[in-house]
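Asker: Have a look at this one.
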There are 2 protein chains.
Amino acid sequence: MQEDLFGECPYVTAQKLLTGKWTLLIMHHLSTNTMRFNELQRALPDLTQTTLTKQLRMMEDNGMIIRTAYNQIPPKVEYSLSELGHHFKPVLEALQVWGAEYIGYLKSNKCDNL
Amino acid sequence: MQEDLFGECPYVTAQKLLTGKWTLLIMHHLSTNTMRFNELQRALPDLTQTTLTKQLRMMEDNGMIIRTAYNQIPPKVEYSLSELGHHFKPVLEALQVWGAEYIGYLKSNKCDNL
DNA sequence: CAGCATCCCTCCCGATACTG
DNA sequence: CAGTATCGGGAGGGATGCTG
């Protein structure tokens with residue numbers, strides 16, 4: 001857990017935690033299920049293993065997700081939301097609503113231009 | 001208004017729109033007031049004119065904010081939220097709650113380690 | 001299966017200086 | 001006052017190949 005986000009404005013903190021290009025997507029997928037590494041990869045095909053690994057490490061360090069490794073062959077690793085991660089759900093819901101509205105707005109604009 | 005965010009998942013869209021390092025902070029400040037360029041600069045001292053200008057242009061292109069220029073000497077330019085921008089407020093509120101909780105969580109952890 | 005090591009590269013951001 | 005022009009650095013993201 002890093003400590004340099006200390007004592008800041010909530011928005012500064014939030015911005016730092018969401019900078020990652022994929023954070024939101026990962027949070028979204030984990031908000032409904034615990035998922036294995038491979039499942040996440042399939043859910044997010046535009047992102048390579050390397051990048052996914054880095055993102056997951058970051059989010060684990062930030063305390064947003066929990067990594068559970070089972071010592072077995074073949075390996076099995078599961079990712080789930082932490083307590084803090086679960087409390088992030090309202091943000092996800094608000095973002096989904098807004099994102100959908102934004103897309104709708106773009107579409108209507110495009111139609112207007114035809 | 002760019003068109004390449006078309007037909008995507010709301011989360012992908014949202015992530016793209018929030019990539020900017022300062023987007024959230026600017027949205028927060030504009031959510032309560034219309035502000036002039038200088039006022040924004042003073043409210044966000046860690047960000048240079050160049051960067052602020054670029055961010056504002058991006059957000060204007062995205063349709064999140066509205067730029068109003070008055071043709072006068074000295075120049076006067078005001079920034080405010082667009083319709084879409086106003087609808088972003090629920091996200092801001094959810095983020096504030098969560099950011100505050102996150103900070104509190106960090107603090108309690110730090111105390112545990114002392 | 002779930003990574004790590006390495007290298008690379010782009011784009012974001014910032015510093016500085018100048019303008020209508 | 002509210003910018004633009006130019007240059008540059010660095011971090012985040014990606015491609016490839018290898019491993020327990």
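Labels for the structure tokens follow display order: chains A, B, ..., residues from 1 in each chain, ligands from 1.
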So which residues touch segment 6-18 of chain C within 8 Å, counting only C-alpha atoms (C1' of nucleotides), skipping near sequence neighbours fewer than 6 positions away, as a PyMOL selection string?

Answerer: chain B and resi 48+50-51

Asker: Within 8 Å of chain A, which residues of chain B show up when using only C-alpha atoms, listed as a PDB file with N, CA and C atoms, in the first residue's frame?

Answerer:
ATOM      1  N   GLU B   3     -15.742  11.959 -33.066  1.00  0.00           N
ATOM      2  CA  GLU B   3     -16.765  10.956 -33.333  1.00  0.00           C
ATOM      3  C   GLU B   3     -16.292   9.537 -33.063  1.00  0.00           C
ATOM      4  N   LEU B   5     -15.693   7.952 -30.423  1.00  0.00           N
ATOM      5  CA  LEU B   5     -16.103   7.294 -29.182  1.00  0.00           C
ATOM      6  C   LEU B   5     -17.433   6.591 -29.405  1.00  0.00           C
ATOM      7  N   PHE B   6     -17.743   6.424 -30.636  1.00  0.00           N
ATOM      8  CA  PHE B   6     -19.057   6.015 -31.069  1.00  0.00           C
ATOM      9  C   PHE B   6     -19.360   4.552 -30.775  1.00  0.00           C
ATOM     10  N   GLY B   7     -20.545   4.309 -30.260  1.00  0.00           N
ATOM     11  CA  GLY B   7     -21.024   2.942 -30.141  1.00  0.00           C
ATOM     12  C   GLY B   7     -20.247   2.063 -29.184  1.00  0.00           C
ATOM     13  N   GLU B   8     -19.570   2.669 -28.240  1.00  0.00           N
ATOM     14  CA  GLU B   8     -18.755   1.878 -27.338  1.00  0.00           C
ATOM     15  C   GLU B   8     -19.502   1.615 -26.042  1.00  0.00           C
ATOM     16  N   CYS B   9     -18.912   0.752 -25.276  1.00  0.00           N
ATOM     17  CA  CYS B   9     -19.374   0.517 -23.923  1.00  0.00           C
ATOM     18  C   CYS B   9     -19.252   1.820 -23.128  1.00  0.00           C
ATOM     19  N   PRO B  10     -20.233   2.089 -22.271  1.00  0.00           N
ATOM     20  CA  PRO B  10     -20.194   3.336 -21.499  1.00  0.00           C
ATOM     21  C   PRO B  10     -18.908   3.493 -20.700  1.00  0.00           C
ATOM     22  N   TYR B  11     -18.351   2.413 -20.225  1.00  0.00           N
ATOM     23  CA  TYR B  11     -17.147   2.494 -19.408  1.00  0.00           C
ATOM     24  C   TYR B  11     -15.932   2.867 -20.246  1.00  0.00           C
ATOM     25  N   VAL B  12     -15.889   2.340 -21.447  1.00  0.00           N
ATOM     26  CA  VAL B  12     -14.791   2.706 -22.334  1.00  0.00           C
ATOM     27  C   VAL B  12     -14.859   4.197 -22.627  1.00  0.00           C
ATOM     28  N   THR B  13     -16.052   4.649 -22.961  1.00  0.00           N
ATOM     29  CA  THR B  13     -16.247   6.064 -23.218  1.00  0.00           C
ATOM     30  C   THR B  13     -15.841   6.901 -22.018  1.00  0.00           C
ATOM     31  N   ALA B  14     -16.328   6.522 -20.864  1.00  0.00           N
ATOM     32  CA  ALA B  14     -16.032   7.275 -19.652  1.00  0.00           C
ATOM     33  C   ALA B  14     -14.528   7.308 -19.386  1.00  0.00           C
ATOM     34  N   GLN B  15     -13.894   6.181 -19.548  1.00  0.00           N
ATOM     35  CA  GLN B  15     -12.463   6.120 -19.304  1.00  0.00           C
ATOM     36  C   GLN B  15     -11.714   7.062 -20.235  1.00  0.00           C
ATOM     37  N   LYS B  16     -12.105   7.073 -21.482  1.00  0.00           N
ATOM     38  CA  LYS B  16     -11.442   7.958 -22.439  1.00  0.00           C
ATOM     39  C   LYS B  16     -11.601   9.413 -22.041  1.00  0.00           C
ATOM     40  N   LEU B  18     -11.989  10.629 -19.157  1.00  0.00           N
ATOM     41  CA  LEU B  18     -11.389  10.986 -17.871  1.00  0.00           C
ATOM     42  C   LEU B  18      -9.890  10.760 -17.862  1.00  0.00           C
ATOM     43  N   THR B  19      -9.313  10.403 -19.013  1.00  0.00           N
ATOM     44  CA  THR B  19      -7.883  10.134 -19.031  1.00  0.00           C
ATOM     45  C   THR B  19      -7.072  11.330 -18.587  1.00  0.00           C
ATOM     46  N   GLY B  20      -7.487  12.500 -19.005  1.00  0.00           N
ATOM     47  CA  GLY B  20      -6.725  13.699 -18.670  1.00  0.00           C
ATOM     48  C   GLY B  20      -6.448  13.759 -17.175  1.00  0.00           C
ATOM     49  N   LYS B  21      -5.240  14.177 -16.859  1.00  0.00           N
ATOM     50  CA  LYS B  21      -4.785  14.170 -15.469  1.00  0.00           C
ATOM     51  C   LYS B  21      -5.573  15.159 -14.619  1.00  0.00           C
ATOM     52  N   TRP B  22      -6.241  16.110 -15.238  1.00  0.00           N
ATOM     53  CA  TRP B  22      -6.879  17.180 -14.468  1.00  0.00           C
ATOM     54  C   TRP B  22      -8.373  17.285 -14.708  1.00  0.00           C
ATOM     55  N   LEU B  24     -11.030  15.664 -13.845  1.00  0.00           N
ATOM     56  CA  LEU B  24     -11.908  15.569 -12.686  1.00  0.00           C
ATOM     57  C   LEU B  24     -11.870  16.847 -11.856  1.00  0.00           C
ATOM     58  N   LEU B  25     -10.673  17.381 -11.665  1.00  0.00           N
ATOM     59  CA  LEU B  25     -10.535  18.588 -10.852  1.00  0.00           C
ATOM     60  C   LEU B  25     -11.237  19.766 -11.502  1.00  0.00           C
ATOM     61  N   HIS B  28     -14.916  19.416 -11.223  1.00  0.00           N
ATOM     62  CA  HIS B  28     -15.336  19.730  -9.863  1.00  0.00           C
ATOM     63  C   HIS B  28     -15.477  21.234  -9.660  1.00  0.00           C
ATOM     64  N   LEU B  84     -24.445  18.184 -20.794  1.00  0.00           N
ATOM     65  CA  LEU B  84     -23.828  16.903 -20.474  1.00  0.00           C
ATOM     66  C   LEU B  84     -22.933  17.013 -19.248  1.00  0.00           C
ATOM     67  N   HIS B  87     -24.802  16.833 -16.057  1.00  0.00           N
ATOM     68  CA  HIS B  87     -25.259  15.480 -15.733  1.00  0.00           C
ATOM     69  C   HIS B  87     -24.131  14.622 -15.182  1.00  0.00           C
ATOM     70  N   PHE B  88     -22.940  15.147 -15.208  1.00  0.00           N
ATOM     71  CA  PHE B  88     -21.795  14.424 -14.669  1.00  0.00           C
ATOM     72  C   PHE B  88     -21.714  14.555 -13.144  1.00  0.00           C
ATOM     73  N   PRO B  90     -23.529  13.628 -10.569  1.00  0.00           N
ATOM     74  CA  PRO B  90     -23.651  12.437  -9.716  1.00  0.00           C
ATOM     75  C   PRO B  90     -22.342  11.655  -9.623  1.00  0.00           C
ATOM     76  N   VAL B  91     -21.626  11.594 -10.719  1.00  0.00           N
ATOM     77  CA  VAL B  91     -20.345  10.897 -10.702  1.00  0.00           C
ATOM     78  C   VAL B  91     -19.396  11.607  -9.746  1.00  0.00           C
ATOM     79  N   ALA B  94     -20.342  10.841  -6.161  1.00  0.00           N
ATOM     80  CA  ALA B  94     -19.971   9.485  -5.770  1.00  0.00           C
ATOM     81  C   ALA B  94     -18.463   9.377  -5.583  1.00  0.00           C
ATOM     82  N   LEU B  95     -17.730  10.031  -6.459  1.00  0.00           N
ATOM     83  CA  LEU B  95     -16.278   9.987  -6.367  1.00  0.00           C
ATOM     84  C   LEU B  95     -15.773  10.671  -5.111  1.00  0.00           C
ATOM     85  N   GLN B  96     -16.423  11.765  -4.755  1.00  0.00           N
ATOM     86  CA  GLN B  96     -15.995  12.483  -3.564  1.00  0.00           C
ATOM     87  C   GLN B  96     -16.171  11.618  -2.324  1.00  0.00           C
ATOM     88  N   VAL B  97     -17.331  10.991  -2.241  1.00  0.00           N
ATOM     89  CA  VAL B  97     -17.597  10.109  -1.109  1.00  0.00           C
ATOM     90  C   VAL B  97     -16.544   9.012  -1.037  1.00  0.00           C
ATOM     91  N   TRP B  98     -16.313   8.399  -2.176  1.00  0.00           N
ATOM     92  CA  TRP B  98     -15.387   7.283  -2.194  1.00  0.00           C
ATOM     93  C   TRP B  98     -13.949   7.731  -1.932  1.00  0.00           C
ATOM     94  N   GLY B  99     -13.563   8.844  -2.536  1.00  0.00           N
ATOM     95  CA  GLY B  99     -12.217   9.373  -2.319  1.00  0.00           C
ATOM     96  C   GLY B  99     -11.975   9.669  -0.852  1.00  0.00           C
ATOM     97  N   ALA B 100     -12.977  10.248  -0.207  1.00  0.00           N
ATOM     98  CA  ALA B 100     -12.849  10.570   1.213  1.00  0.00           C
ATOM     99  C   ALA B 100     -12.696   9.286   2.030  1.00  0.00           C
ATOM    100  N   TYR B 102     -11.514   6.506   0.987  1.00  0.00           N
ATOM    101  CA  TYR B 102     -10.202   5.959   0.669  1.00  0.00           C
ATOM    102  C   TYR B 102      -9.116   6.620   1.512  1.00  0.00           C
ATOM    103  N   ILE B 103      -9.194   7.934   1.609  1.00  0.00           N
ATOM    104  CA  ILE B 103      -8.211   8.668   2.415  1.00  0.00           C
ATOM    105  C   ILE B 103      -8.298   8.235   3.868  1.00  0.00           C
ATOM    106  N   LEU B 106      -6.604   4.941   4.307  1.00  0.00           N
ATOM    107  CA  LEU B 106      -5.144   5.073   4.346  1.00  0.00           C
ATOM    108  C   LEU B 106      -4.676   5.532   5.720  1.00  0.00           C
ATOM    109  N   LYS B 107      -5.375   6.502   6.264  1.00  0.00           N
ATOM    110  CA  LYS B 107      -4.966   7.053   7.556  1.00  0.00           C
ATOM    111  C   LYS B 107      -5.025   6.001   8.648  1.00  0.00           C
TER     112      LYS B 107
END

Asker: Output, as a compact mmCIF listing (two decimals) with C-alpha atoms, in the first residue's frame, the coordinates of chain B following least-squares superposition onto chain A across all in-order C-alpha pairs.

Answerer:
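To be explicit, this is the file written out as part_36.txt:
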# COMPACT_ATOMS: atom_id res chain seq x y z
CA MET B 1 -0.01 0.06 -0.07
CA GLN B 2 1.51 3.32 -1.10
CA GLU B 3 1.30 6.30 1.21
CA ASP B 4 1.78 9.30 -1.01
CA LEU B 5 -1.92 9.87 -1.61
CA PHE B 6 -2.15 11.03 1.93
CA GLY B 7 -4.21 13.95 3.10
CA GLU B 8 -5.25 15.07 -0.33
CA CYS B 9 -8.48 16.29 -1.75
CA PRO B 10 -10.77 13.36 -2.57
CA TYR B 11 -10.77 14.32 -6.24
CA VAL B 12 -7.02 14.33 -6.48
CA THR B 13 -6.94 10.92 -4.89
CA ALA B 14 -9.66 9.62 -7.16
CA GLN B 15 -7.96 10.97 -10.24
CA LYS B 16 -4.71 9.29 -9.32
CA LEU B 17 -6.40 5.99 -8.79
CA LEU B 18 -8.23 6.14 -12.09
CA THR B 19 -5.32 7.23 -14.26
CA GLY B 20 -4.75 3.73 -15.52
CA LYS B 21 -6.22 3.28 -18.97
CA TRP B 22 -8.07 0.13 -17.93
CA THR B 23 -8.85 0.60 -14.26
CA LEU B 24 -12.51 1.39 -14.80
CA LEU B 25 -13.04 -1.60 -17.07
CA ILE B 26 -11.40 -3.98 -14.65
CA MET B 27 -13.39 -2.60 -11.76
CA HIS B 28 -16.54 -3.05 -13.76
CA HIS B 29 -15.85 -6.69 -14.52
CA LEU B 30 -14.83 -7.52 -10.98
CA SER B 31 -17.82 -5.72 -9.54
CA THR B 32 -20.08 -8.64 -10.44
CA ASN B 33 -17.75 -11.63 -10.18
CA THR B 34 -14.51 -12.85 -8.80
CA MET B 35 -12.46 -13.62 -11.89
CA ARG B 36 -9.35 -15.53 -12.82
CA PHE B 37 -6.53 -13.98 -14.77
CA ASN B 38 -7.58 -15.71 -17.96
CA GLU B 39 -11.19 -14.69 -17.63
CA LEU B 40 -10.18 -11.08 -17.34
CA GLN B 41 -8.02 -11.44 -20.40
CA ARG B 42 -10.89 -12.83 -22.40
CA ALA B 43 -13.21 -10.12 -21.14
CA LEU B 44 -10.70 -7.46 -22.19
CA PRO B 45 -9.18 -8.66 -25.45
CA ASP B 46 -7.58 -5.31 -26.27
CA LEU B 47 -5.12 -5.58 -23.43
CA THR B 48 -2.04 -7.77 -23.34
CA GLN B 49 -0.89 -9.98 -20.46
CA THR B 50 1.91 -7.61 -19.62
CA THR B 51 -0.38 -4.66 -19.32
CA LEU B 52 -3.08 -6.57 -17.49
CA THR B 53 -0.54 -7.82 -14.97
CA LYS B 54 0.76 -4.32 -14.34
CA GLN B 55 -2.71 -2.89 -13.95
CA LEU B 56 -3.71 -5.60 -11.51
CA ARG B 57 -0.55 -5.07 -9.46
CA MET B 58 -1.22 -1.36 -9.28
CA MET B 59 -4.78 -1.87 -8.20
CA GLU B 60 -3.69 -4.42 -5.64
CA ASP B 61 -1.13 -1.98 -4.27
CA ASN B 62 -3.83 0.65 -4.08
CA GLY B 63 -6.00 -1.67 -2.04
CA MET B 64 -8.81 -1.74 -4.57
CA ILE B 65 -8.63 -5.42 -5.41
CA ILE B 66 -7.51 -8.61 -3.72
CA ARG B 67 -5.31 -11.22 -5.30
CA THR B 68 -5.70 -14.80 -4.14
CA ALA B 69 -3.16 -17.33 -5.40
CA TYR B 70 -3.69 -21.06 -4.98
CA ASN B 71 -0.49 -23.07 -4.71
CA GLN B 72 -1.22 -25.75 -7.24
CA ILE B 73 -0.32 -26.99 -10.69
CA PRO B 74 -1.61 -25.56 -12.93
CA PRO B 75 -1.60 -22.23 -11.08
CA LYS B 76 -4.83 -20.54 -10.21
CA VAL B 77 -5.17 -16.91 -9.26
CA GLU B 78 -8.37 -15.11 -8.51
CA TYR B 79 -9.05 -11.43 -8.39
CA SER B 80 -11.87 -9.82 -6.47
CA LEU B 81 -12.83 -6.45 -5.12
CA SER B 82 -11.66 -5.44 -1.69
CA GLU B 83 -13.95 -3.78 0.81
CA LEU B 84 -12.92 -0.42 -0.62
CA GLY B 85 -13.43 -1.75 -4.11
CA HIS B 86 -16.99 -2.71 -3.36
CA HIS B 87 -17.69 0.78 -2.14
CA PHE B 88 -16.63 2.01 -5.55
CA LYS B 89 -19.78 0.56 -7.11
CA PRO B 90 -21.85 3.74 -6.83
CA VAL B 91 -19.24 5.50 -8.91
CA LEU B 92 -19.43 2.78 -11.53
CA GLU B 93 -23.18 3.03 -11.68
CA ALA B 94 -23.13 6.79 -12.01
CA LEU B 95 -20.49 6.52 -14.70
CA GLN B 96 -22.48 3.97 -16.63
CA VAL B 97 -25.54 6.17 -16.66
CA TRP B 98 -23.54 9.15 -17.75
CA GLY B 99 -21.50 7.26 -20.33
CA ALA B 100 -24.68 5.92 -21.89
CA GLU B 101 -26.14 9.39 -22.03
CA TYR B 102 -22.98 10.70 -23.59
CA ILE B 103 -23.11 8.06 -26.31
CA GLY B 104 -26.72 8.89 -26.98
CA TYR B 105 -25.82 12.53 -27.27
CA LEU B 106 -23.12 11.77 -29.81
CA LYS B 107 -25.53 9.71 -31.87
CA SER B 108 -28.21 12.36 -32.01
CA ASN B 109 -25.59 14.89 -33.03
CA LYS B 110 -24.38 12.66 -35.79
CA CYS B 111 -27.92 12.26 -37.10
CA ASP B 112 -28.36 16.00 -37.09
CA ASN B 113 -25.35 16.33 -39.32
CA LEU B 114 -26.57 13.87 -41.96

Asker: Residues of chain D near chain B: apply a cut-off of 8 Å, count only C-alpha atoms (C1' of nucleotides), and supply the list as a ChimeraX atom specification.

Answerer: /D:1-3

Asker: Now that the selection is made, can you save its residues with all heavy atoms as a tab-separated table (two decimals), in the first residue's frame?

Answerer:
chain	number	residue	atom	x	y	z
D	1	DC	P	-4.89	39.98	-15.21
D	1	DC	OP1	-5.77	39.46	-14.17
D	1	DC	OP2	-3.55	39.46	-15.27
D	1	DC	O5'	-5.62	39.72	-16.58
D	1	DC	C5'	-7.02	39.94	-16.63
D	1	DC	C4'	-7.49	39.32	-17.91
D	1	DC	O4'	-6.60	39.74	-18.97
D	1	DC	C3'	-7.46	37.79	-17.90
D	1	DC	O3'	-8.68	37.32	-18.46
D	1	DC	C2'	-6.25	37.42	-18.77
D	1	DC	C1'	-6.14	38.62	-19.70
D	1	DC	N1	-4.71	38.90	-20.09
D	1	DC	C2	-4.36	38.91	-21.44
D	1	DC	O2	-5.24	38.67	-22.29
D	1	DC	N3	-3.09	39.18	-21.79
D	1	DC	C4	-2.19	39.44	-20.84
D	1	DC	N4	-0.94	39.71	-21.23
D	1	DC	C5	-2.52	39.44	-19.46
D	1	DC	C6	-3.78	39.16	-19.13
D	2	DA	P	-9.13	35.80	-18.26
D	2	DA	OP1	-10.60	35.78	-18.30
D	2	DA	OP2	-8.42	35.23	-17.10
D	2	DA	O5'	-8.60	35.10	-19.58
D	2	DA	C5'	-9.09	35.55	-20.83
D	2	DA	C4'	-8.22	35.03	-21.93
D	2	DA	O4'	-6.91	35.63	-21.86
D	2	DA	C3'	-7.98	33.50	-21.88
D	2	DA	O3'	-8.25	32.93	-23.15
D	2	DA	C2'	-6.51	33.39	-21.52
D	2	DA	C1'	-5.96	34.64	-22.17
D	2	DA	N9	-4.64	35.04	-21.68
D	2	DA	C8	-4.18	35.01	-20.40
D	2	DA	N7	-2.94	35.42	-20.27
D	2	DA	C5	-2.55	35.73	-21.57
D	2	DA	C6	-1.35	36.22	-22.12
D	2	DA	N6	-0.26	36.48	-21.39
D	2	DA	N1	-1.31	36.44	-23.45
D	2	DA	C2	-2.41	36.15	-24.19
D	2	DA	N3	-3.60	35.69	-23.78
D	2	DA	C4	-3.60	35.50	-22.45
D	3	DG	P	-8.47	31.33	-23.24
D	3	DG	OP1	-8.94	31.01	-24.60
D	3	DG	OP2	-9.30	30.97	-22.11
D	3	DG	O5'	-7.03	30.65	-23.00
D	3	DG	C5'	-6.39	30.09	-24.10
D	3	DG	C4'	-5.69	31.17	-24.90
D	3	DG	O4'	-4.95	32.02	-24.02
D	3	DG	C3'	-4.65	30.62	-25.87
D	3	DG	O3'	-5.28	30.22	-27.06
D	3	DG	C2'	-3.72	31.81	-26.06
D	3	DG	C1'	-3.87	32.60	-24.75
D	3	DG	N9	-2.70	32.59	-23.89
D	3	DG	C8	-2.66	32.26	-22.55
D	3	DG	N7	-1.48	32.39	-22.01
D	3	DG	C5	-0.69	32.83	-23.07
D	3	DG	C6	0.70	33.16	-23.09
D	3	DG	O6	1.52	33.11	-22.16
D	3	DG	N1	1.12	33.56	-24.35
D	3	DG	C2	0.30	33.64	-25.46
D	3	DG	N2	0.86	34.05	-26.59
D	3	DG	N3	-1.00	33.36	-25.44
D	3	DG	C4	-1.42	32.96	-24.22

Asker: Just list as a PyMOL selection string whatever in segment 6-80 of chain A DSSP marks as helix (DSSP H, G or I).

Answerer: chain A and resi 10-18+23-32+37-43+49-61

Asker: Would you mind listing, for every residue of chain C within 9 Å of chain A, the two atoms forming the shortest contact and the distance between them in Å to one decimal, using only C-alpha atoms (C1' of nucleotides), sorted by chain and ascending residue number, as JSON lines?

Answerer:
{"residue": "C:DC1", "atom": "C1'", "partner": "A:Pro75", "partner_atom": "CA", "distance": 5.3}
{"residue": "C:DA2", "atom": "C1'", "partner": "A:Pro75", "partner_atom": "CA", "distance": 6.6}
{"residue": "C:DG3", "atom": "C1'", "partner": "A:Thr53", "partner_atom": "CA", "distance": 7.7}
{"residue": "C:DC4", "atom": "C1'", "partner": "A:Thr50", "partner_atom": "CA", "distance": 8.7}

Asker: Would you save the residues from that selection as an mmCIF file, in the first residue's frame, using all heavy atoms?

Answerer:
data_model
loop_
_atom_site.group_PDB
_atom_site.id
_atom_site.type_symbol
_atom_site.label_atom_id
_atom_site.label_comp_id
_atom_site.auth_asym_id
_atom_site.auth_seq_id
_atom_site.Cartn_x
_atom_site.Cartn_y
_atom_site.Cartn_z
ATOM 1 P P DC C 1 -4.819 -22.532 -19.963
ATOM 2 O OP1 DC C 1 -6.273 -22.446 -20.041
ATOM 3 O OP2 DC C 1 -4.016 -21.820 -20.969
ATOM 4 O "O5'" DC C 1 -4.367 -22.007 -18.547
ATOM 5 C "C5'" DC C 1 -5.006 -22.501 -17.387
ATOM 6 C "C4'" DC C 1 -4.311 -21.858 -16.216
ATOM 7 O "O4'" DC C 1 -2.900 -22.187 -16.283
ATOM 8 C "C3'" DC C 1 -4.404 -20.326 -16.226
ATOM 9 O "O3'" DC C 1 -4.700 -19.923 -14.887
ATOM 10 C "C2'" DC C 1 -3.010 -19.859 -16.658
ATOM 11 C "C1'" DC C 1 -2.105 -21.010 -16.224
ATOM 12 N N1 DC C 1 -0.957 -21.229 -17.164
ATOM 13 C C2 DC C 1 0.352 -21.194 -16.686
ATOM 14 O O2 DC C 1 0.550 -20.962 -15.496
ATOM 15 N N3 DC C 1 1.365 -21.405 -17.548
ATOM 16 C C4 DC C 1 1.123 -21.659 -18.829
ATOM 17 N N4 DC C 1 2.164 -21.868 -19.633
ATOM 18 C C5 DC C 1 -0.213 -21.707 -19.343
ATOM 19 C C6 DC C 1 -1.214 -21.484 -18.489
ATOM 20 P P DA C 2 -5.231 -18.457 -14.693
ATOM 21 O OP1 DA C 2 -6.094 -18.495 -13.495
ATOM 22 O OP2 DA C 2 -5.766 -17.914 -15.945
ATOM 23 O "O5'" DA C 2 -3.885 -17.693 -14.323
ATOM 24 C "C5'" DA C 2 -3.176 -18.096 -13.160
ATOM 25 C "C4'" DA C 2 -1.809 -17.484 -13.177
ATOM 26 O "O4'" DA C 2 -1.048 -18.013 -14.293
ATOM 27 C "C3'" DA C 2 -1.793 -15.952 -13.356
ATOM 28 O "O3'" DA C 2 -0.970 -15.370 -12.366
ATOM 29 C "C2'" DA C 2 -1.205 -15.764 -14.736
ATOM 30 C "C1'" DA C 2 -0.282 -16.956 -14.835
ATOM 31 N N9 DA C 2 0.123 -17.308 -16.187
ATOM 32 C C8 DA C 2 -0.641 -17.315 -17.324
ATOM 33 N N7 DA C 2 0.013 -17.659 -18.403
ATOM 34 C C5 DA C 2 1.298 -17.898 -17.956
ATOM 35 C C6 DA C 2 2.480 -18.304 -18.618
ATOM 36 N N6 DA C 2 2.557 -18.541 -19.923
ATOM 37 N N1 DA C 2 3.604 -18.458 -17.863
ATOM 38 C C2 DA C 2 3.521 -18.208 -16.546
ATOM 39 N N3 DA C 2 2.468 -17.824 -15.817
ATOM 40 C C4 DA C 2 1.382 -17.693 -16.586
ATOM 41 P P DG C 3 -1.046 -13.810 -12.097
ATOM 42 O OP1 DG C 3 -0.144 -13.448 -10.966
ATOM 43 O OP2 DG C 3 -2.462 -13.514 -12.016
ATOM 44 O "O5'" DG C 3 -0.474 -13.108 -13.433
ATOM 45 C "C5'" DG C 3 0.748 -12.404 -13.325
ATOM 46 C "C4'" DG C 3 1.905 -13.384 -13.389
ATOM 47 O "O4'" DG C 3 1.694 -14.238 -14.533
ATOM 48 C "C3'" DG C 3 3.249 -12.732 -13.632
ATOM 49 O "O3'" DG C 3 3.807 -12.396 -12.392
ATOM 50 C "C2'" DG C 3 4.047 -13.837 -14.329
ATOM 51 C "C1'" DG C 3 2.953 -14.706 -14.968
ATOM 52 N N9 DG C 3 2.937 -14.679 -16.431
ATOM 53 C C8 DG C 3 1.863 -14.390 -17.230
ATOM 54 N N7 DG C 3 2.129 -14.485 -18.501
ATOM 55 C C5 DG C 3 3.463 -14.865 -18.554
ATOM 56 C C6 DG C 3 4.315 -15.133 -19.653
ATOM 57 O O6 DG C 3 4.035 -15.076 -20.849
ATOM 58 N N1 DG C 3 5.590 -15.486 -19.249
ATOM 59 C C2 DG C 3 6.009 -15.564 -17.946
ATOM 60 N N2 DG C 3 7.278 -15.904 -17.753
ATOM 61 N N3 DG C 3 5.223 -15.336 -16.904
ATOM 62 C C4 DG C 3 3.974 -14.993 -17.276
ATOM 63 P P DC C 4 4.516 -11.041 -12.156
ATOM 64 O OP1 DC C 4 4.628 -10.826 -10.696
ATOM 65 O OP2 DC C 4 3.803 -10.075 -12.998
ATOM 66 O "O5'" DC C 4 5.998 -11.223 -12.740
ATOM 67 C "C5'" DC C 4 6.815 -12.257 -12.231
ATOM 68 C "C4'" DC C 4 8.055 -12.394 -13.104
ATOM 69 O "O4'" DC C 4 7.656 -12.849 -14.422
ATOM 70 C "C3'" DC C 4 8.800 -11.065 -13.317
ATOM 71 O "O3'" DC C 4 10.201 -11.310 -13.221
ATOM 72 C "C2'" DC C 4 8.409 -10.654 -14.730
ATOM 73 C "C1'" DC C 4 8.206 -11.992 -15.413
ATOM 74 N N1 DC C 4 7.243 -11.937 -16.549
ATOM 75 C C2 DC C 4 7.675 -12.237 -17.841
ATOM 76 O O2 DC C 4 8.865 -12.543 -18.009
ATOM 77 N N3 DC C 4 6.788 -12.189 -18.860
ATOM 78 C C4 DC C 4 5.511 -11.865 -18.628
ATOM 79 N N4 DC C 4 4.670 -11.827 -19.665
ATOM 80 C C5 DC C 4 5.047 -11.556 -17.314
ATOM 81 C C6 DC C 4 5.935 -11.600 -16.311
#

Asker: Figure out the distance between atom C1' of DG20 of chain D and atom C1' of DA5 of chain C, please, to one decimal in Å.

Answerer: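 Taking atom C1' of DA5 of chain C and atom C1' of DG20 of chain D, their separation equals 14.7 Å.
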